[in-house]
file coords.tsv (TSV, C-alpha atoms)
chain	number	residue	atom	x	y	z
N	1	MET	CA	-53.76	-168.32	-67.85
N	2	ALA	CA	-57.04	-166.57	-68.69
N	3	GLY	CA	-60.09	-167.56	-70.69
N	4	HIS	CA	-61.57	-165.70	-73.64
N	5	THR	CA	-64.73	-166.31	-75.64
N	6	ASP	CA	-66.15	-164.53	-78.68
N	7	ASN	CA	-69.64	-165.41	-79.92
N	8	GLU	CA	-72.06	-163.63	-82.23
N	9	ILE	CA	-75.39	-164.04	-83.95
N	10	VAL	CA	-77.39	-162.08	-86.53
N	11	ILE	CA	-80.96	-161.31	-85.47
N	12	ALA	CA	-83.48	-160.43	-88.19
N	13	ALA	CA	-84.77	-157.38	-86.32
N	14	PRO	CA	-83.99	-153.67	-86.12
N	15	LEU	CA	-81.14	-152.57	-83.86
N	16	ASP	CA	-83.48	-150.55	-81.61
N	17	LEU	CA	-85.59	-153.62	-80.83
N	18	VAL	CA	-82.55	-155.84	-80.22
N	19	TRP	CA	-80.96	-153.18	-78.00
N	20	ASP	CA	-84.14	-152.54	-76.02
N	21	MET	CA	-84.99	-156.19	-75.40
N	22	THR	CA	-81.46	-157.33	-74.50
N	23	ASN	CA	-80.83	-154.39	-72.19
N	24	ASP	CA	-84.10	-154.65	-70.28
N	25	LEU	CA	-82.54	-156.42	-67.31
N	26	GLU	CA	-85.81	-157.04	-65.51
N	27	SER	CA	-87.01	-159.16	-68.45
N	28	TRP	CA	-83.90	-161.37	-68.58
N	29	PRO	CA	-85.62	-164.32	-66.83
N	30	GLN	CA	-88.03	-164.40	-69.80
N	31	LEU	CA	-85.29	-163.79	-72.39
N	32	PHE	CA	-82.62	-166.23	-71.13
N	33	SER	CA	-83.40	-169.82	-70.13
N	34	GLU	CA	-80.74	-169.91	-67.40
N	35	TYR	CA	-81.77	-166.97	-65.20
N	36	ALA	CA	-84.41	-167.42	-62.49
N	37	SER	CA	-84.36	-163.80	-61.32
N	38	VAL	CA	-82.77	-160.37	-61.66
N	39	GLU	CA	-82.74	-157.86	-58.83
N	40	VAL	CA	-81.68	-154.32	-59.71
N	41	LEU	CA	-79.68	-152.97	-56.76
N	42	GLN	CA	-78.73	-149.53	-58.08
N	43	ARG	CA	-79.01	-147.38	-61.20
N	44	THR	CA	-76.76	-144.39	-61.75
N	45	GLY	CA	-76.94	-142.90	-65.24
N	46	ASP	CA	-76.10	-145.66	-67.72
N	47	THR	CA	-74.66	-147.96	-65.04
N	48	THR	CA	-76.73	-150.63	-63.31
N	49	THR	CA	-75.67	-152.88	-60.45
N	50	PHE	CA	-77.79	-156.01	-60.21
N	51	ARG	CA	-77.99	-159.51	-58.78
N	52	LEU	CA	-78.49	-162.44	-61.16
N	53	THR	CA	-79.73	-165.76	-59.83
N	54	MET	CA	-79.69	-168.86	-61.99
N	55	HIS	CA	-82.03	-171.83	-61.99
N	56	PRO	CA	-80.58	-174.77	-60.01
N	57	ASP	CA	-77.83	-176.66	-61.86
N	58	GLU	CA	-77.78	-180.44	-62.40
N	59	ASN	CA	-76.56	-180.85	-58.80
N	60	GLY	CA	-79.27	-178.60	-57.36
N	61	LYS	CA	-76.85	-175.71	-56.67
N	62	ILE	CA	-78.21	-172.22	-57.23
N	63	TRP	CA	-75.56	-169.78	-58.47
N	64	SER	CA	-76.02	-166.06	-57.79
N	65	TRP	CA	-73.75	-163.03	-58.14
N	66	VAL	CA	-73.72	-159.25	-58.42
N	67	SER	CA	-72.65	-157.61	-61.67
N	68	GLU	CA	-72.24	-154.05	-62.86
N	69	ARG	CA	-73.31	-153.15	-66.40
N	70	GLU	CA	-72.68	-149.92	-68.29
N	71	THR	CA	-74.56	-149.22	-71.52
N	72	ALA	CA	-73.40	-146.82	-74.21
N	73	ARG	CA	-76.17	-146.62	-76.81
N	74	ASP	CA	-74.24	-144.08	-78.90
N	75	VAL	CA	-71.46	-146.61	-79.59
N	76	ARG	CA	-73.78	-149.66	-79.43
N	77	THR	CA	-71.72	-151.29	-76.69
N	78	VAL	CA	-72.27	-152.62	-73.18
N	79	TRP	CA	-69.51	-153.40	-70.68
N	80	ALA	CA	-70.15	-155.61	-67.68
N	81	ARG	CA	-68.11	-157.10	-64.88
N	82	ARG	CA	-68.81	-159.31	-61.95
N	83	VAL	CA	-68.64	-157.47	-58.63
N	84	GLU	CA	-69.14	-160.67	-56.65
N	85	THR	CA	-66.82	-162.92	-58.61
N	86	GLY	CA	-67.66	-166.31	-57.07
N	87	PRO	CA	-65.42	-168.95	-58.71
N	88	PHE	CA	-63.89	-166.34	-61.04
N	89	ALA	CA	-60.77	-164.30	-60.27
N	90	PHE	CA	-62.42	-161.81	-62.66
N	91	MET	CA	-65.11	-161.80	-65.36
N	92	ASN	CA	-65.49	-159.00	-67.91
N	93	ILE	CA	-68.08	-159.06	-70.68
N	94	ARG	CA	-68.55	-156.83	-73.71
N	95	TRP	CA	-71.72	-156.80	-75.82
N	96	GLU	CA	-71.53	-155.12	-79.23
N	97	TYR	CA	-74.36	-154.43	-81.65
N	98	ASP	CA	-73.98	-153.69	-85.38
N	99	GLU	CA	-76.56	-153.10	-88.07
N	100	GLU	CA	-76.32	-155.57	-90.95
N	101	PRO	CA	-78.37	-155.91	-94.14
N	102	GLU	CA	-80.06	-158.98	-92.55
N	103	GLY	CA	-80.76	-157.27	-89.22
N	104	THR	CA	-78.59	-156.77	-86.14
N	105	ARG	CA	-75.35	-158.55	-85.28
N	106	MET	CA	-75.01	-159.10	-81.53
N	107	ARG	CA	-71.56	-160.09	-80.29
N	108	TRP	CA	-70.51	-161.18	-76.80
N	109	THR	CA	-66.86	-161.32	-75.77
N	110	GLN	CA	-65.89	-162.53	-72.33
N	111	ASP	CA	-62.51	-162.38	-70.62
N	112	PHE	CA	-62.11	-164.19	-67.34
N	113	GLU	CA	-59.90	-166.24	-65.10
N	114	MET	CA	-61.01	-168.98	-62.75
N	115	LYS	CA	-59.81	-169.09	-59.15
N	116	PRO	CA	-57.48	-171.99	-58.29
N	117	ASP	CA	-60.16	-173.65	-56.13
N	118	ALA	CA	-62.96	-173.23	-58.72
N	119	PRO	CA	-64.81	-176.39	-59.76
N	120	VAL	CA	-63.56	-175.94	-63.35
N	121	ASP	CA	-60.43	-174.46	-64.95
N	122	ASP	CA	-60.16	-171.73	-67.61
N	123	ALA	CA	-60.33	-174.22	-70.49
N	124	GLY	CA	-63.38	-175.96	-69.06
N	125	MET	CA	-65.18	-172.66	-68.45
N	126	THR	CA	-64.30	-171.46	-71.97
N	127	GLU	CA	-65.91	-174.60	-73.39
N	128	HIS	CA	-68.98	-174.16	-71.16
N	129	ILE	CA	-69.43	-170.48	-72.05
N	130	ASN	CA	-69.02	-171.11	-75.78
N	131	ARG	CA	-71.58	-173.94	-75.69
N	132	ASN	CA	-74.07	-172.00	-73.52
N	133	SER	CA	-73.66	-168.69	-75.40
N	134	LYS	CA	-74.76	-170.39	-78.62
N	135	ILE	CA	-77.87	-171.78	-76.89
N	136	GLN	CA	-78.76	-168.47	-75.23
N	137	MET	CA	-78.11	-166.41	-78.36
N	138	GLU	CA	-80.37	-168.66	-80.42
N	139	LEU	CA	-83.15	-168.38	-77.81
N	140	ILE	CA	-82.76	-164.60	-77.70
N	141	ARG	CA	-82.73	-164.39	-81.50
N	142	ASP	CA	-85.92	-166.42	-81.75
N	143	LYS	CA	-87.75	-164.32	-79.14
N	144	ILE	CA	-86.68	-161.01	-80.67
N	145	GLU	CA	-87.52	-162.12	-84.20
N	146	GLN	CA	-90.95	-163.26	-82.98
N	147	ARG	CA	-91.52	-159.81	-81.44
N	148	ALA	CA	-90.34	-158.12	-84.66
N	149	ARG	CA	-92.77	-160.19	-86.76
N	150	ALA	CA	-95.62	-159.37	-84.37
N	151	ARG	CA	-94.87	-155.65	-84.71
N	152	VAL	CA	-94.99	-155.87	-88.51
N	153	ARG	CA	-98.41	-157.60	-88.37
N	154	ALA	CA	-99.83	-155.08	-85.91
call {"tool": "encode", "arguments": {"input": "coords.tsv", "output": "structure tokens"}}
result
Amino acid sequence: MAGHTDNEIVIAAPLDLVWDMTNDLESWPQLFSEYASVEVLQRTGDTTTFRLTMHPDENGKIWSWVSERETARDVRTVWARRVETGPFAFMNIRWEYDEEPEGTRMRWTQDFEMKPDAPVDDAGMTEHINRNSKIQMELIRDKIEQRARARVRA
């Protein structure tokens, strides 16, 4: 049994700004509330291998893993996968960006499977990802829209 999530949000900002801000990995600790640090390990063309480290969870545990992310600006899509899978048997993520009359639609789909000894099963992780994606997307939307408004005033 595998897990699947599909979440999206419309951001009242141009696609270029949304793309640039959400694909600037080094700024993710300022963009997402859950990430303490990002360490870029390697860049080859449009593919980046990096380590993400989260803030401590409610039990004080710090989660960290290595992911690989490939951007394709021409098709407005990003593919990512965990290289160090941790509690996941696998984790694949797809980010899609579409221009809308109101701004830019950003969509995240995640396909994954938890390992048998993981602290949560597929259903529990699906619920967690859906809940957290909504929180993170709203934070990202607010920060990008604030930047877009500042650019208009400048």
call {"tool": "atom_distance", "arguments": {"input": "coords.tsv", "atom1": "atom CA of N:Arg105", "atom2": "atom CA of N:Thr49"}}
result
25.5 Å
call {"tool": "closest_atom_pairs", "arguments": {"input": "coords.tsv", "of": "stretch 64-127 of chain N", "to": "stretch 6-20 of chain N", "cutoff": "7 Å", "atoms": "all atoms listed in the file", "output": "JSON lines"}}
result
{"residue": "N:Glu99", "atom": "CA", "partner": "N:Leu15", "partner_atom": "CA", "distance": 6.2}
{"residue": "N:Glu102", "atom": "CA", "partner": "N:Ala12", "partner_atom": "CA", "distance": 5.7}
{"residue": "N:Gly103", "atom": "CA", "partner": "N:Ala12", "partner_atom": "CA", "distance": 4.3}
{"residue": "N:Thr104", "atom": "CA", "partner": "N:Ile11", "partner_atom": "CA", "distance": 5.2}
{"residue": "N:Arg105", "atom": "CA", "partner": "N:Val10", "partner_atom": "CA", "distance": 4.3}
{"residue": "N:Met106", "atom": "CA", "partner": "N:Glu8", "partner_atom": "CA", "distance": 5.5}
{"residue": "N:Arg107", "atom": "CA", "partner": "N:Glu8", "partner_atom": "CA", "distance": 4.1}
{"residue": "N:Trp108", "atom": "CA", "partner": "N:Asn7", "partner_atom": "CA", "distance": 5.3}
{"residue": "N:Thr109", "atom": "CA", "partner": "N:Asp6", "partner_atom": "CA", "distance": 4.4}
{"residue": "N:Gln110", "atom": "CA", "partner": "N:Asp6", "partner_atom": "CA", "distance": 6.7}
call {"tool": "closest_residue", "arguments": {"input": "coords.tsv", "among": "N:Arg131, N:Arg51, N:His4, N:Arg149", "to": "N:Val66", "atoms": "only C-alpha atoms"}}
result
N:Arg51
call {"tool": "atom_distance", "arguments": {"input": "coords.tsv", "atom1": "atom CA of N:Met21", "atom2": "atom CA of N:Ser64"}}
result
22.1 Å
call {"tool": "closest_residue", "arguments": {"input": "coords.tsv", "among": "N:Leu25, N:Ala80, N:Met137, N:Ala148", "to": "N:Ser37", "atoms": "all atoms listed in the file"}}
result
N:Leu25
call {"tool": "atom_distance", "arguments": {"input": "coords.tsv", "atom1": "atom CA of N:Ile93", "atom2": "atom CA of N:Asp121"}}
result
18.1 Å
call {"tool": "residues_around", "arguments": {"input": "coords.tsv", "residues": "N:Tyr35", "least_positions_apart": "4", "cutoff": "10 Å", "atoms": "only C-alpha atoms", "output": "list of chain:residue names"}}
result
N:Ser27, N:Trp28, N:Pro29, N:Gln30, N:Leu31, N:Leu52, N:Thr53, N:Met54, N:His55, N:Pro56, N:Trp63, N:Ser64
call {"tool": "residues_around", "arguments": {"input": "coords.tsv", "residues": "N:Gly45", "least_positions_apart": "5", "cutoff": "12 Å", "atoms": "all atoms listed in the file", "output": "PyMOL selection string"}}
result
chain N and resi 69-72
call {"tool": "write_last_selection", "arguments": {"input": "coords.tsv", "atoms": "C-alpha atoms", "output": "PDB file, in the frame of the given file"}}
result
ATOM      1  CA  ARG N  69     -73.310-153.150 -66.400  1.00  0.00           C
ATOM      2  CA  GLU N  70     -72.680-149.920 -68.290  1.00  0.00           C
ATOM      3  CA  THR N  71     -74.560-149.220 -71.520  1.00  0.00           C
ATOM      4  CA  ALA N  72     -73.400-146.820 -74.210  1.00  0.00           C
TER       5      ALA N  72
END
call {"tool": "decode", "arguments": {"input": "coords.tsv", "residues": "stretch 100-121 of chain N", "atoms": "N, CA, C and O atoms", "output": "compact mmCIF listing (two decimals), in the first residue's frame"}}
result
# COMPACT_ATOMS: atom_id res chain seq x y z
N GLU N 100 -2.55 31.47 -13.95
CA GLU N 100 -4.00 31.60 -13.81
C GLU N 100 -4.34 33.09 -13.90
O GLU N 100 -3.46 33.93 -13.66
N PRO N 101 -5.58 33.42 -14.18
CA PRO N 101 -5.94 34.85 -14.18
C PRO N 101 -5.63 35.54 -12.84
O PRO N 101 -5.26 36.71 -12.82
N GLU N 102 -5.73 34.79 -11.73
CA GLU N 102 -5.49 35.37 -10.40
C GLU N 102 -4.02 35.35 -10.00
O GLU N 102 -3.67 35.86 -8.94
N GLY N 103 -3.17 34.69 -10.77
CA GLY N 103 -1.76 34.59 -10.41
C GLY N 103 -1.16 33.28 -10.88
O GLY N 103 -1.27 32.92 -12.04
N THR N 104 -0.56 32.54 -9.95
CA THR N 104 0.12 31.29 -10.26
C THR N 104 -0.41 30.17 -9.38
O THR N 104 -0.45 30.31 -8.16
N ARG N 105 -0.82 29.09 -10.01
CA ARG N 105 -1.24 27.89 -9.27
C ARG N 105 0.00 27.02 -9.06
O ARG N 105 0.69 26.67 -10.01
N MET N 106 0.26 26.71 -7.79
CA MET N 106 1.37 25.82 -7.44
C MET N 106 0.75 24.54 -6.87
O MET N 106 -0.07 24.59 -5.96
N ARG N 107 1.16 23.41 -7.44
CA ARG N 107 0.59 22.12 -7.05
C ARG N 107 1.72 21.17 -6.65
O ARG N 107 2.73 21.07 -7.34
N TRP N 108 1.53 20.50 -5.51
CA TRP N 108 2.48 19.50 -5.04
C TRP N 108 1.79 18.14 -5.01
O TRP N 108 0.76 17.99 -4.36
N THR N 109 2.35 17.16 -5.68
CA THR N 109 1.87 15.79 -5.54
C THR N 109 3.03 14.96 -4.99
O THR N 109 4.18 15.13 -5.37
N GLN N 110 2.69 14.09 -4.05
CA GLN N 110 3.69 13.25 -3.41
C GLN N 110 3.22 11.80 -3.43
O GLN N 110 2.07 11.51 -3.10
N ASP N 111 4.10 10.93 -3.85
CA ASP N 111 3.86 9.48 -3.83
C ASP N 111 4.94 8.87 -2.97
O ASP N 111 6.12 9.16 -3.14
N PHE N 112 4.53 8.00 -2.05
CA PHE N 112 5.47 7.47 -1.08
C PHE N 112 4.94 6.17 -0.50
O PHE N 112 3.77 5.81 -0.68
N GLU N 113 5.84 5.50 0.18
CA GLU N 113 5.47 4.33 0.96
C GLU N 113 6.33 4.32 2.21
O GLU N 113 7.54 4.58 2.13
N MET N 114 5.72 4.06 3.34
CA MET N 114 6.47 4.01 4.59
C MET N 114 7.07 2.61 4.77
O MET N 114 6.49 1.61 4.34
N LYS N 115 8.23 2.56 5.41
CA LYS N 115 8.84 1.28 5.75
C LYS N 115 8.02 0.61 6.86
O LYS N 115 7.35 1.30 7.65
N PRO N 116 8.06 -0.71 6.93
CA PRO N 116 7.28 -1.41 7.97
C PRO N 116 7.61 -0.97 9.40
O PRO N 116 6.72 -0.95 10.25
N ASP N 117 8.85 -0.57 9.66
CA ASP N 117 9.23 -0.17 11.01
C ASP N 117 9.15 1.35 11.24
O ASP N 117 9.60 1.86 12.27
N ALA N 118 8.54 2.08 10.30
CA ALA N 118 8.40 3.54 10.43
C ALA N 118 7.47 3.86 11.60
O ALA N 118 6.59 3.06 11.94
N PRO N 119 7.62 5.03 12.20
CA PRO N 119 6.77 5.40 13.33
C PRO N 119 5.31 5.70 12.95
O PRO N 119 4.48 5.88 13.83
N VAL N 120 5.01 5.72 11.65
CA VAL N 120 3.65 5.99 11.18
C VAL N 120 3.43 5.19 9.89
O VAL N 120 4.38 4.89 9.17
N ASP N 121 2.19 4.82 9.61
CA ASP N 121 1.90 4.07 8.39
C ASP N 121 1.55 5.02 7.24
O ASP N 121 1.56 6.24 7.41
